[in-house]
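Here is the file upload30.csv (CSV, C-alpha atoms).
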chain,number,residue,atom,x,y,z
M,1,MET,CA,-202.5,22.2,2.4
M,2,ALA,CA,-200.2,19.3,3.1
M,3,ASP,CA,-196.8,18.7,4.7
M,4,ASP,CA,-194.7,15.9,6.1
M,5,ARG,CA,-197.3,14.9,8.6
M,6,LEU,CA,-199.6,13.6,5.9
M,7,SER,CA,-199.4,9.8,5.4
M,8,ALA,CA,-199.1,8.4,1.9
M,9,ASP,CA,-202.3,6.4,2.4
M,10,ALA,CA,-204.3,9.5,3.4
M,11,ALA,CA,-202.8,11.4,0.5
M,12,HIS,CA,-203.7,8.6,-1.9
M,13,ARG,CA,-207.3,8.7,-0.7
M,14,LEU,CA,-207.5,12.5,-1.3
M,15,ILE,CA,-206.0,12.5,-4.8
M,16,SER,CA,-208.3,9.6,-5.7
M,17,GLU,CA,-211.2,11.7,-4.7
M,18,GLY,CA,-210.0,14.6,-6.9
M,19,THR,CA,-208.5,16.7,-4.1
M,20,GLY,CA,-205.3,18.7,-4.9
M,21,LEU,CA,-202.6,18.8,-2.3
M,22,LEU,CA,-200.5,22.0,-2.0
M,23,TRP,CA,-197.3,21.0,-0.3
M,24,GLN,CA,-195.9,23.2,2.4
M,25,GLY,CA,-193.2,20.9,3.9
M,26,ASP,CA,-189.8,19.8,3.0
M,27,PHE,CA,-189.2,19.4,-0.8
M,28,HIS,CA,-187.5,16.0,-0.4
M,29,GLY,CA,-190.6,14.9,1.6
M,30,ALA,CA,-192.8,15.9,-1.4
M,31,ARG,CA,-190.6,13.8,-3.7
M,32,GLN,CA,-190.8,10.8,-1.4
M,33,LEU,CA,-194.6,11.2,-1.2
M,34,LEU,CA,-194.9,11.4,-5.0
M,35,GLN,CA,-193.0,8.1,-5.3
M,36,ALA,CA,-195.2,6.5,-2.6
M,37,LEU,CA,-198.3,7.8,-4.4
M,38,ALA,CA,-197.1,6.4,-7.7
M,39,ARG,CA,-196.6,2.9,-6.1
M,40,ARG,CA,-200.2,3.1,-4.8
M,41,VAL,CA,-201.7,4.2,-8.1
M,42,ASP,CA,-199.9,1.5,-10.0
M,43,ARG,CA,-200.2,-1.3,-7.5
M,44,GLY,CA,-203.6,-2.9,-8.3
M,45,PRO,CA,-203.7,-2.6,-12.2
M,46,ARG,CA,-200.0,-3.5,-12.7
M,47,ARG,CA,-200.2,-6.6,-10.4
M,48,ARG,CA,-203.3,-7.9,-12.2
M,49,SER,CA,-201.7,-7.2,-15.7
M,50,ARG,CA,-198.8,-9.5,-14.8
M,51,THR,CA,-200.8,-12.5,-13.6
M,52,ALA,CA,-204.2,-12.4,-15.2
M,53,ALA,CA,-205.4,-12.7,-18.8
M,54,PRO,CA,-206.4,-9.5,-20.6
M,55,ALA,CA,-209.8,-8.2,-20.0
M,56,PRO,CA,-212.3,-9.6,-22.5
M,57,ALA,CA,-213.0,-6.2,-23.9
M,58,ALA,CA,-209.3,-5.9,-25.0
M,59,ALA,CA,-208.3,-9.5,-25.6
M,60,GLY,CA,-207.4,-10.0,-29.2
M,61,ASP,CA,-208.0,-6.4,-30.0
M,62,PRO,CA,-204.7,-4.5,-30.0
M,63,ALA,CA,-206.3,-1.2,-30.9
M,64,ARG,CA,-208.7,-1.3,-27.9
M,65,ALA,CA,-205.8,-2.4,-25.7
M,66,PHE,CA,-203.9,0.6,-26.8
M,67,HIS,CA,-206.8,3.0,-26.1
M,68,LEU,CA,-207.4,1.4,-22.7
M,69,HIS,CA,-203.7,1.8,-21.9
M,70,ARG,CA,-203.7,5.5,-22.9
M,71,LYS,CA,-206.8,6.0,-20.8
M,72,ALA,CA,-205.1,4.4,-17.8
M,73,GLN,CA,-202.0,6.5,-18.4
M,74,ALA,CA,-204.1,9.7,-18.5
M,75,GLU,CA,-205.9,8.8,-15.3
M,76,ARG,CA,-202.6,8.1,-13.6
M,77,ALA,CA,-201.2,11.4,-14.7
M,78,ARG,CA,-204.3,13.2,-13.4
M,79,LYS,CA,-204.0,11.6,-10.0
M,80,LEU,CA,-200.3,12.2,-9.6
M,81,GLY,CA,-200.6,15.7,-10.9
M,82,ARG,CA,-202.7,16.7,-7.9
M,83,LEU,CA,-199.6,16.9,-5.7
M,84,LEU,CA,-198.7,20.6,-6.1
M,85,VAL,CA,-195.8,22.8,-5.0
M,86,PRO,CA,-195.6,26.6,-5.0
M,87,LEU,CA,-193.6,28.7,-7.3
M,88,ASP,CA,-192.7,32.3,-6.5
M,89,ALA,CA,-192.2,35.0,-9.1
M,90,GLY,CA,-188.9,34.3,-10.9
M,91,TYR,CA,-189.4,30.6,-10.6
M,92,THR,CA,-188.1,29.8,-7.1
M,93,VAL,CA,-189.7,27.1,-4.9
M,94,PRO,CA,-190.2,28.5,-1.4
M,95,LEU,CA,-189.7,25.1,0.4
M,96,ARG,CA,-186.9,23.7,2.5
M,97,ARG,CA,-184.2,21.9,0.5
M,98,ALA,CA,-185.8,22.9,-2.8
M,99,PRO,CA,-183.5,22.7,-5.8
M,100,GLU,CA,-182.8,25.6,-8.2
M,101,VAL,CA,-185.4,25.3,-10.9
M,102,ARG,CA,-185.2,28.8,-12.6
M,103,ALA,CA,-183.4,27.6,-15.7
M,104,ALA,CA,-185.6,24.5,-16.2
M,105,CYS,CA,-188.8,26.6,-15.8
M,106,THR,CA,-187.6,29.4,-18.1
M,107,GLU,CA,-186.8,26.9,-20.8
M,108,ALA,CA,-190.3,25.4,-20.6
M,109,TYR,CA,-192.5,28.4,-19.7
M,110,GLY,CA,-190.5,31.4,-20.9
M,111,PRO,CA,-188.9,34.2,-18.9
M,112,GLY,CA,-190.5,35.8,-15.9
M,113,GLY,CA,-193.2,34.0,-14.0
M,114,GLU,CA,-195.9,35.1,-11.6
M,115,PRO,CA,-196.5,33.4,-8.2
M,116,SER,CA,-198.2,30.1,-9.0
M,117,VAL,CA,-198.5,26.5,-8.3
M,118,VAL,CA,-197.3,23.6,-10.4
M,119,SER,CA,-197.7,19.8,-10.1
M,120,LEU,CA,-194.5,18.2,-8.7
M,121,ARG,CA,-194.7,15.6,-11.4
M,122,GLU,CA,-194.5,18.2,-14.1
M,123,LEU,CA,-191.8,20.1,-12.3
M,124,THR,CA,-189.7,16.9,-12.0
M,125,GLY,CA,-190.2,16.4,-15.7
M,126,LEU,CA,-189.0,20.0,-16.4
M,127,ILE,CA,-185.9,19.3,-14.3
M,128,GLY,CA,-185.2,16.1,-16.3
M,129,ALA,CA,-185.7,17.9,-19.6
M,130,HIS,CA,-183.3,20.6,-18.5
M,131,GLU,CA,-180.6,18.0,-17.7
M,132,TRP,CA,-181.1,16.3,-21.1
M,133,ARG,CA,-180.7,19.8,-22.7
M,134,ARG,CA,-177.6,20.6,-20.6
M,135,ARG,CA,-175.8,17.3,-21.1
M,136,GLY,CA,-177.0,16.5,-24.6
M,137,VAL,CA,-177.6,13.1,-26.3
M,138,PRO,CA,-174.6,11.4,-28.0
M,139,VAL,CA,-175.4,10.4,-31.6
M,140,PRO,CA,-173.1,7.6,-33.0
M,141,ALA,CA,-174.0,8.6,-36.6
M,142,LEU,CA,-172.4,12.0,-35.8
M,143,GLY,CA,-169.2,10.5,-34.4
M,144,GLY,CA,-170.5,10.7,-30.9
M,145,ASP,CA,-171.2,14.4,-31.0
M,146,ARG,CA,-174.2,15.5,-28.9
M,147,VAL,CA,-177.5,16.9,-29.8
M,148,HIS,CA,-179.1,19.1,-27.2
M,149,PRO,CA,-182.9,18.7,-27.2
M,150,TYR,CA,-185.2,21.5,-25.9
M,151,TYR,CA,-188.1,20.8,-23.7
M,152,GLY,CA,-191.0,19.5,-25.8
M,153,VAL,CA,-188.8,18.6,-28.8
M,154,PHE,CA,-188.4,14.9,-29.6
M,155,SER,CA,-185.0,13.7,-28.4
M,156,PRO,CA,-183.0,11.3,-30.6
M,157,VAL,CA,-182.6,8.8,-27.7
M,158,ARG,CA,-184.0,6.2,-30.1
M,159,GLY,CA,-181.3,6.2,-32.6
M,160,GLU,CA,-182.5,3.6,-35.1
M,161,TYR,CA,-184.1,6.1,-37.4
M,162,VAL,CA,-180.9,8.2,-37.4
M,163,ASP,CA,-178.8,5.1,-38.3
M,164,LEU,CA,-181.1,4.4,-41.2
M,165,VAL,CA,-180.5,7.9,-42.7
M,166,ALA,CA,-176.8,7.6,-42.0
M,167,GLN,CA,-176.4,4.3,-43.8
M,168,GLU,CA,-178.7,4.4,-46.8
M,169,PRO,CA,-177.0,5.2,-50.1
M,170,LEU,CA,-177.7,8.8,-51.3
M,171,PRO,CA,-179.4,9.2,-54.6
M,172,PRO,CA,-176.8,10.0,-57.3
M,173,GLY,CA,-175.9,13.6,-57.5
M,174,THR,CA,-177.6,14.6,-54.3
M,175,ASP,CA,-176.6,18.3,-53.8
M,176,THR,CA,-179.8,19.5,-52.1
M,177,ALA,CA,-182.0,17.9,-49.5
M,178,PHE,CA,-185.1,18.9,-47.5
M,179,ASP,CA,-185.5,17.6,-43.9
M,180,ILE,CA,-189.3,17.9,-43.2
M,181,GLY,CA,-190.1,18.4,-39.5
M,182,THR,CA,-186.5,18.6,-38.4
M,183,GLY,CA,-187.1,18.7,-34.6
M,184,THR,CA,-183.6,18.9,-33.0
M,185,GLY,CA,-182.0,19.0,-36.5
M,186,VAL,CA,-180.2,15.7,-36.1
M,187,LEU,CA,-181.2,14.3,-39.5
M,188,ALA,CA,-180.2,17.6,-41.2
M,189,ALA,CA,-176.8,17.4,-39.5
M,190,VAL,CA,-176.3,13.8,-40.7
M,191,LEU,CA,-177.1,14.7,-44.3
M,192,ALA,CA,-174.8,17.7,-44.2
M,193,ARG,CA,-172.0,15.6,-42.8
M,194,ARG,CA,-172.5,13.0,-45.5
M,195,GLY,CA,-171.7,15.7,-48.0
M,196,VAL,CA,-175.0,17.2,-49.1
M,197,GLY,CA,-174.1,20.7,-49.9
M,198,ARG,CA,-177.4,22.4,-49.2
M,199,VAL,CA,-179.9,21.2,-46.6
M,200,ILE,CA,-183.2,23.0,-45.8
M,201,ALA,CA,-184.6,21.9,-42.5
M,202,THR,CA,-188.3,22.9,-41.8
M,203,ASP,CA,-190.5,22.9,-38.7
M,204,GLN,CA,-193.6,24.8,-37.6
M,205,ASP,CA,-192.9,24.7,-33.8
M,206,PRO,CA,-190.9,27.8,-32.7
M,207,ARG,CA,-189.3,25.7,-29.9
M,208,ALA,CA,-188.1,23.1,-32.4
M,209,LEU,CA,-186.8,25.8,-34.8
M,210,ALA,CA,-184.7,27.4,-32.0
M,211,CYS,CA,-183.4,24.0,-31.0
M,212,ALA,CA,-182.4,23.0,-34.5
M,213,ARG,CA,-180.7,26.3,-35.2
M,214,GLU,CA,-178.6,26.0,-32.0
M,215,ASN,CA,-177.6,22.4,-32.7
M,216,LEU,CA,-176.9,22.9,-36.4
M,217,ALA,CA,-174.8,26.0,-35.8
M,218,ARG,CA,-172.5,23.8,-33.6
M,219,LEU,CA,-172.6,20.5,-35.5
M,220,VAL,CA,-172.5,21.9,-39.1
M,221,PRO,CA,-170.8,25.3,-39.0
M,222,GLY,CA,-170.5,27.1,-42.3
M,223,GLY,CA,-174.1,27.5,-43.3
M,224,ALA,CA,-174.7,24.2,-45.1
M,225,VAL,CA,-178.1,23.9,-43.3
M,226,GLU,CA,-180.8,26.5,-43.5
M,227,VAL,CA,-183.6,26.2,-40.8
M,228,VAL,CA,-186.9,27.7,-42.0
M,229,ALA,CA,-190.4,28.0,-40.4
M,230,ALA,CA,-192.8,26.0,-42.6
M,231,ASP,CA,-195.7,23.7,-42.4
M,232,LEU,CA,-194.0,20.7,-44.0
M,233,TYR,CA,-192.4,21.9,-47.2
M,234,PRO,CA,-190.3,25.1,-47.6
M,235,ALA,CA,-191.6,27.8,-49.9
M,236,ASP,CA,-191.7,27.1,-53.6
M,237,THR,CA,-188.8,29.5,-54.0
M,238,ALA,CA,-186.6,26.9,-52.4
M,239,GLY,CA,-187.0,24.8,-55.6
M,240,ARG,CA,-186.8,21.1,-55.7
M,241,ALA,CA,-184.5,18.7,-54.0
M,242,ARG,CA,-182.8,15.5,-55.0
M,243,LEU,CA,-183.6,14.1,-51.5
M,244,VAL,CA,-186.5,14.8,-49.2
M,245,VAL,CA,-186.5,13.1,-45.7
M,246,CYS,CA,-189.3,12.9,-43.2
M,247,ASN,CA,-189.6,11.1,-39.9
M,248,PRO,CA,-193.2,11.9,-38.9
M,249,PRO,CA,-194.9,10.9,-35.6
M,250,TRP,CA,-195.6,7.2,-35.9
M,251,LEU,CA,-199.0,6.8,-34.2
M,252,PRO,CA,-202.2,8.1,-35.8
M,253,ALA,CA,-203.9,9.2,-32.6
M,254,ARG,CA,-204.8,12.4,-30.8
M,255,PRO,CA,-202.1,13.8,-28.5
M,256,SER,CA,-203.2,14.8,-25.0
M,257,SER,CA,-200.4,17.4,-24.4
M,258,PRO,CA,-198.1,19.5,-26.6
M,259,VAL,CA,-195.2,17.2,-25.8
M,260,GLU,CA,-197.0,14.3,-27.4
M,261,TYR,CA,-197.1,15.8,-30.8
M,262,ALA,CA,-193.7,14.2,-31.4
M,263,VAL,CA,-195.3,10.8,-31.0
M,264,TYR,CA,-199.0,11.2,-32.2
M,265,ASP,CA,-200.0,12.4,-35.6
M,266,PRO,CA,-203.8,13.1,-35.5
M,267,ASP,CA,-205.5,11.5,-38.6
M,268,SER,CA,-202.0,11.0,-40.0
M,269,ARG,CA,-202.0,14.6,-41.0
M,270,MET,CA,-198.2,15.0,-41.3
M,271,LEU,CA,-197.7,11.6,-43.0
M,272,ARG,CA,-200.4,12.4,-45.6
M,273,GLY,CA,-199.1,15.9,-46.1
M,274,PHE,CA,-195.6,14.7,-46.7
M,275,LEU,CA,-196.7,12.1,-49.2
M,276,ASP,CA,-199.1,14.3,-51.1
M,277,GLY,CA,-196.6,17.0,-51.6
M,278,LEU,CA,-193.5,14.8,-52.3
M,279,ALA,CA,-193.7,14.2,-56.1
M,280,ALA,CA,-194.0,18.0,-56.8
M,281,ARG,CA,-190.9,18.8,-54.8
M,282,LEU,CA,-188.5,16.1,-56.0
M,283,ALA,CA,-185.9,17.0,-58.6
M,284,PRO,CA,-185.6,14.5,-61.5
M,285,GLY,CA,-184.0,11.3,-60.3
M,286,GLY,CA,-184.7,12.2,-56.7
M,287,GLU,CA,-186.1,10.1,-53.8
M,288,GLY,CA,-188.2,10.7,-50.8
M,289,TRP,CA,-187.1,8.9,-47.6
M,290,LEU,CA,-190.0,8.2,-45.3
M,291,ILE,CA,-188.7,6.9,-41.9
M,292,LEU,CA,-191.6,5.2,-40.1
M,293,SER,CA,-192.1,2.7,-37.4
M,294,ASP,CA,-194.8,0.0,-38.0
M,295,LEU,CA,-195.9,0.1,-34.4
M,296,ALA,CA,-199.3,1.5,-35.5
M,297,GLU,CA,-199.8,-1.6,-37.7
M,298,HIS,CA,-199.2,-3.9,-34.7
M,299,LEU,CA,-201.6,-1.9,-32.6
M,300,GLY,CA,-204.3,-2.0,-35.2
M,301,LEU,CA,-204.3,1.7,-35.8
M,302,ARG,CA,-203.2,1.6,-39.4
M,303,SER,CA,-202.7,-1.3,-41.8
M,304,ARG,CA,-199.8,-1.9,-44.2
M,305,ALA,CA,-202.5,-1.8,-47.0
M,306,ASP,CA,-203.5,1.7,-45.8
M,307,LEU,CA,-199.9,2.9,-46.0
M,308,LEU,CA,-199.4,1.5,-49.5
M,309,ALA,CA,-202.6,3.0,-50.6
M,310,ALA,CA,-201.5,6.4,-49.4
M,311,PHE,CA,-198.3,6.0,-51.5
M,312,ASP,CA,-200.4,5.2,-54.5
M,313,ARG,CA,-202.8,8.1,-54.0
M,314,ALA,CA,-199.9,10.4,-53.9
M,315,GLY,CA,-198.5,9.1,-57.2
M,316,LEU,CA,-195.6,7.4,-55.6
M,317,GLU,CA,-193.9,4.0,-55.9
M,318,VAL,CA,-191.5,2.1,-53.6
M,319,ALA,CA,-188.0,2.0,-55.0
M,320,GLY,CA,-186.7,0.1,-51.9
M,321,ARG,CA,-186.9,-0.3,-48.2
M,322,SER,CA,-184.4,-0.8,-45.3
M,323,ASP,CA,-185.5,-2.1,-41.9
M,324,ILE,CA,-184.1,-1.9,-38.4
M,325,ARG,CA,-185.2,-3.4,-35.1
M,326,PRO,CA,-185.7,-1.2,-32.1
M,327,ARG,CA,-183.1,-1.2,-29.4
M,328,HIS,CA,-184.9,0.6,-26.6
M,329,PRO,CA,-185.6,-1.2,-23.3
M,330,ARG,CA,-189.4,-1.2,-23.7
M,331,ALA,CA,-189.2,-3.6,-26.6
M,332,ALA,CA,-188.0,-6.3,-24.1
M,333,ASP,CA,-190.2,-5.3,-21.2
M,334,ARG,CA,-192.8,-8.2,-20.9
M,335,THR,CA,-194.7,-6.3,-18.2
M,336,ASP,CA,-195.6,-3.5,-20.7
M,337,PRO,CA,-199.3,-3.8,-21.6
M,338,LEU,CA,-198.3,-3.2,-25.2
M,339,HIS,CA,-195.3,-5.6,-25.2
M,340,ALA,CA,-196.5,-7.8,-28.1
M,341,ALA,CA,-196.7,-4.8,-30.4
M,342,ARG,CA,-193.4,-3.3,-29.2
M,343,ALA,CA,-191.5,-6.6,-29.5
M,344,ALA,CA,-192.7,-6.9,-33.2
M,345,GLU,CA,-191.9,-3.3,-34.1
M,346,VAL,CA,-189.7,-2.5,-37.1
M,347,THR,CA,-188.6,0.9,-38.2
M,348,SER,CA,-188.3,1.3,-42.0
M,349,LEU,CA,-186.8,3.7,-44.4
M,350,TRP,CA,-189.0,3.7,-47.4
M,351,ARG,CA,-187.4,5.0,-50.6
M,352,LEU,CA,-190.2,6.7,-52.6
M,353,THR,CA,-190.1,8.0,-56.2
M,354,PRO,CA,-192.8,9.5,-58.5
M,355,ARG,CA,-194.7,6.8,-60.2
M,356,ARG,CA,-193.5,6.1,-63.7
M,357,VAL,CA,-195.9,6.5,-66.6
M,358,ARG,CA,-196.2,3.1,-68.3
The structure given in the file should be rewritten as structure tokens.
Amino acid sequence: MADDRLSADAAHRLISEGTGLLWQGDFHGARQLLQALARRVDRGPRRRSRTAAPAPAAAGDPARAFHLHRKAQAERARKLGRLLVPLDAGYTVPLRRAPEVRAACTEAYGPGGEPSVVSLRELTGLIGAHEWRRRGVPVPALGGDRVHPYYGVFSPVRGEYVDLVAQEPLPPGTDTAFDIGTGTGVLAAVLARRGVGRVIATDQDPRALACARENLARLVPGGAVEVVAADLYPADTAGRARLVVCNPPWLPARPSSPVEYAVYDPDSRMLRGFLDGLAARLAPGGEGWLILSDLAEHLGLRSRADLLAAFDRAGLEVAGRSDIRPRHPRAADRTDPLHAARAAEVTSLWRLTPRRVR
């Protein structure tokens, strides 16, 4: 049990030893303690990373640097996750000056809720996700209209990939398109607003399906977009499409939480599944648009030769490619341990067609 009498140094020693702290004091005091703990957890490694050369084990080895960075992030999350707050049934926090969290918890955990405890770090994340969902994310390619992401669904805050889809010329006669792994539905909305008469958007995550349906009902009224549950491609009864779009997670690594599935694609499963099924689902004269960051290449997790070989194995050839540089702040953050890779990152739209028989 912990309250406002516990010093930050004492709390840091306890969480470093693996002890969980169940907060009983003022809620604002808990938030201040979490910030103080974060500074103490970060202090040593971050200061060294700014002034010293990389450790010999990671110097010149971006893949090892990436895995060491993820390991450090996971340890940081474990430590800070040991500061806990109580939740009563119905998702109320029985602490002084505690905020209303019922809506945020319901969106993440579902209705109801038994008396429990939750890490303050996670609860803060739920509150932030709820605010993103409530306010929405403006999308310039949709005229500034907003997409409202659900908790655990990748938010289009990085708009480069949306801009690529909004600007690339459509294949002639595009009347049907598939959006594979639609997430919030933002790319399906862009395609429908560009005049594609029938868009089928797929996802296998129930949370993403609900999110896409809500966004698309508002952004594209009239039923031009159908949202269906599917592992990659819709059922064969949907036929073929003149355009098939996919923006898979860009890093071939194992996620450590459900939220990370939007970023990490274990063994490139989604990427390979999209490529291997593409030729069979394209209508004559159609194109597949693969939107993919090359961050994995700069981190040594996948080579450009590996990607091109995957195209070849799937019976595909490259008809063209459009590139765009990232605009997110981390690309310019020199204190980021992965700065060199992020600064070199390019997101590409690969136009893929079935290989012609020569």
- Query: Which one is closest to Gly223 of chain M: M:Arg272, M:Arg198, M:Arg321, M:Arg240? Count only C-alpha atoms.
  - Reply: M:Arg198
- Would you mind telling me which residue in M:His69, M:Leu275, M:Ala238, M:Ala280 lies nearest to Ala309 of chain M when using all atoms listed in the file?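 Among M:His69, M:Leu275, M:Ala238, M:Ala280, it is M:Leu275 that comes nearest to Ala309 of chain M.
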- Task: Report the distance between atom CA of His12 of chain M and atom CA of Gly81 of chain M in Å, rounded to one decimal place.
- Result: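 Answer for the atom CA of His12 of chain M to atom CA of Gly81 of chain M separation: 11.9 Å.
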- Closest of M:Ala129, M:Gln35, M:Cys211, M:Leu84 to Val101 of chain M - atom-to-atom distances counting all atoms listed in the file: M:Ala129
- Query: What gap, in Å, lies between atom CA of Glu17 of chain M and atom CA of Leu87 of chain M?
  - Reply: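 So the answer is 24.6 Å.
One finds atom CA of Pro252 of chain M at 12.4 Å from atom CA of His298 of chain M.
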- Find, counting only C-alpha atoms, the residue in M:Ala192, M:Leu316, M:Leu232, M:Ala77 that gets nearest to Ser256 of chain M.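 Of M:Ala192, M:Leu316, M:Leu232, M:Ala77, the one nearest Ser256 of chain M, counting only C-alpha atoms, is M:Ala77.
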- Excluding same-chain residues fewer than 6 positions from segment 247-250 of chain M, what lies within 7 Å of it counting all atoms listed in the file, as a PyMOL selection string? chain M and resi 262-265+270-271+290-293+296
What would segment 278-286 of chain M look like with all heavy atoms restored, written as a PDB file, in the coordinates of the input?
ATOM      1  N   LEU M 278    -194.885  15.278 -52.034  1.00  0.00           N
ATOM      2  CA  LEU M 278    -193.500  14.800 -52.300  1.00  0.00           C
ATOM      3  C   LEU M 278    -193.187  14.902 -53.822  1.00  0.00           C
ATOM      4  O   LEU M 278    -192.140  15.452 -54.208  1.00  0.00           O
ATOM      5  CB  LEU M 278    -193.316  13.409 -51.812  1.00  0.00           C
ATOM      6  CG  LEU M 278    -191.942  12.791 -52.055  1.00  0.00           C
ATOM      7  CD1 LEU M 278    -190.847  13.642 -51.432  1.00  0.00           C
ATOM      8  CD2 LEU M 278    -191.893  11.366 -51.508  1.00  0.00           C
ATOM      9  N   ALA M 279    -194.036  14.342 -54.675  1.00  0.00           N
ATOM     10  CA  ALA M 279    -193.700  14.200 -56.100  1.00  0.00           C
ATOM     11  C   ALA M 279    -193.410  15.621 -56.697  1.00  0.00           C
ATOM     12  O   ALA M 279    -192.509  15.769 -57.533  1.00  0.00           O
ATOM     13  CB  ALA M 279    -194.822  13.552 -56.858  1.00  0.00           C
ATOM     14  N   ALA M 280    -194.141  16.628 -56.258  1.00  0.00           N
ATOM     15  CA  ALA M 280    -194.000  18.000 -56.800  1.00  0.00           C
ATOM     16  C   ALA M 280    -192.691  18.644 -56.376  1.00  0.00           C
ATOM     17  O   ALA M 280    -192.262  19.624 -57.003  1.00  0.00           O
ATOM     18  CB  ALA M 280    -195.175  18.841 -56.452  1.00  0.00           C
ATOM     19  N   ARG M 281    -192.068  18.159 -55.293  1.00  0.00           N
ATOM     20  CA  ARG M 281    -190.900  18.800 -54.800  1.00  0.00           C
ATOM     21  C   ARG M 281    -189.593  18.030 -54.995  1.00  0.00           C
ATOM     22  O   ARG M 281    -188.523  18.454 -54.556  1.00  0.00           O
ATOM     23  CB  ARG M 281    -191.046  19.101 -53.265  1.00  0.00           C
ATOM     24  CG  ARG M 281    -192.228  19.965 -52.916  1.00  0.00           C
ATOM     25  CD  ARG M 281    -192.269  21.285 -53.703  1.00  0.00           C
ATOM     26  NE  ARG M 281    -191.106  22.119 -53.495  1.00  0.00           N
ATOM     27  CZ  ARG M 281    -191.015  23.021 -52.509  1.00  0.00           C
ATOM     28  NH1 ARG M 281    -192.020  23.200 -51.675  1.00  0.00           N
ATOM     29  NH2 ARG M 281    -189.922  23.755 -52.383  1.00  0.00           N
ATOM     30  N   LEU M 282    -189.710  16.885 -55.675  1.00  0.00           N
ATOM     31  CA  LEU M 282    -188.500  16.100 -56.000  1.00  0.00           C
ATOM     32  C   LEU M 282    -187.932  16.533 -57.320  1.00  0.00           C
ATOM     33  O   LEU M 282    -188.647  16.683 -58.318  1.00  0.00           O
ATOM     34  CB  LEU M 282    -188.845  14.612 -56.042  1.00  0.00           C
ATOM     35  CG  LEU M 282    -188.967  13.866 -54.717  1.00  0.00           C
ATOM     36  CD1 LEU M 282    -189.400  12.424 -54.965  1.00  0.00           C
ATOM     37  CD2 LEU M 282    -187.659  13.890 -53.934  1.00  0.00           C
ATOM     38  N   ALA M 283    -186.619  16.706 -57.350  1.00  0.00           N
ATOM     39  CA  ALA M 283    -185.900  17.000 -58.600  1.00  0.00           C
ATOM     40  C   ALA M 283    -185.885  15.650 -59.408  1.00  0.00           C
ATOM     41  O   ALA M 283    -186.038  14.553 -58.857  1.00  0.00           O
ATOM     42  CB  ALA M 283    -184.510  17.450 -58.326  1.00  0.00           C
ATOM     43  N   PRO M 284    -185.708  15.725 -60.735  1.00  0.00           N
ATOM     44  CA  PRO M 284    -185.600  14.500 -61.500  1.00  0.00           C
ATOM     45  C   PRO M 284    -184.560  13.549 -60.995  1.00  0.00           C
ATOM     46  O   PRO M 284    -183.443  13.954 -60.675  1.00  0.00           O
ATOM     47  CB  PRO M 284    -185.231  15.022 -62.929  1.00  0.00           C
ATOM     48  CG  PRO M 284    -185.771  16.417 -62.961  1.00  0.00           C
ATOM     49  CD  PRO M 284    -185.624  16.938 -61.562  1.00  0.00           C
ATOM     50  N   GLY M 285    -184.926  12.276 -60.858  1.00  0.00           N
ATOM     51  CA  GLY M 285    -184.000  11.300 -60.300  1.00  0.00           C
ATOM     52  C   GLY M 285    -183.938  11.275 -58.806  1.00  0.00           C
ATOM     53  O   GLY M 285    -183.139  10.530 -58.227  1.00  0.00           O
ATOM     54  N   GLY M 286    -184.778  12.100 -58.159  1.00  0.00           N
ATOM     55  CA  GLY M 286    -184.700  12.200 -56.700  1.00  0.00           C
ATOM     56  C   GLY M 286    -185.529  11.155 -55.994  1.00  0.00           C
ATOM     57  O   GLY M 286    -186.301  10.404 -56.596  1.00  0.00           O
TER      58      GLY M 286
END
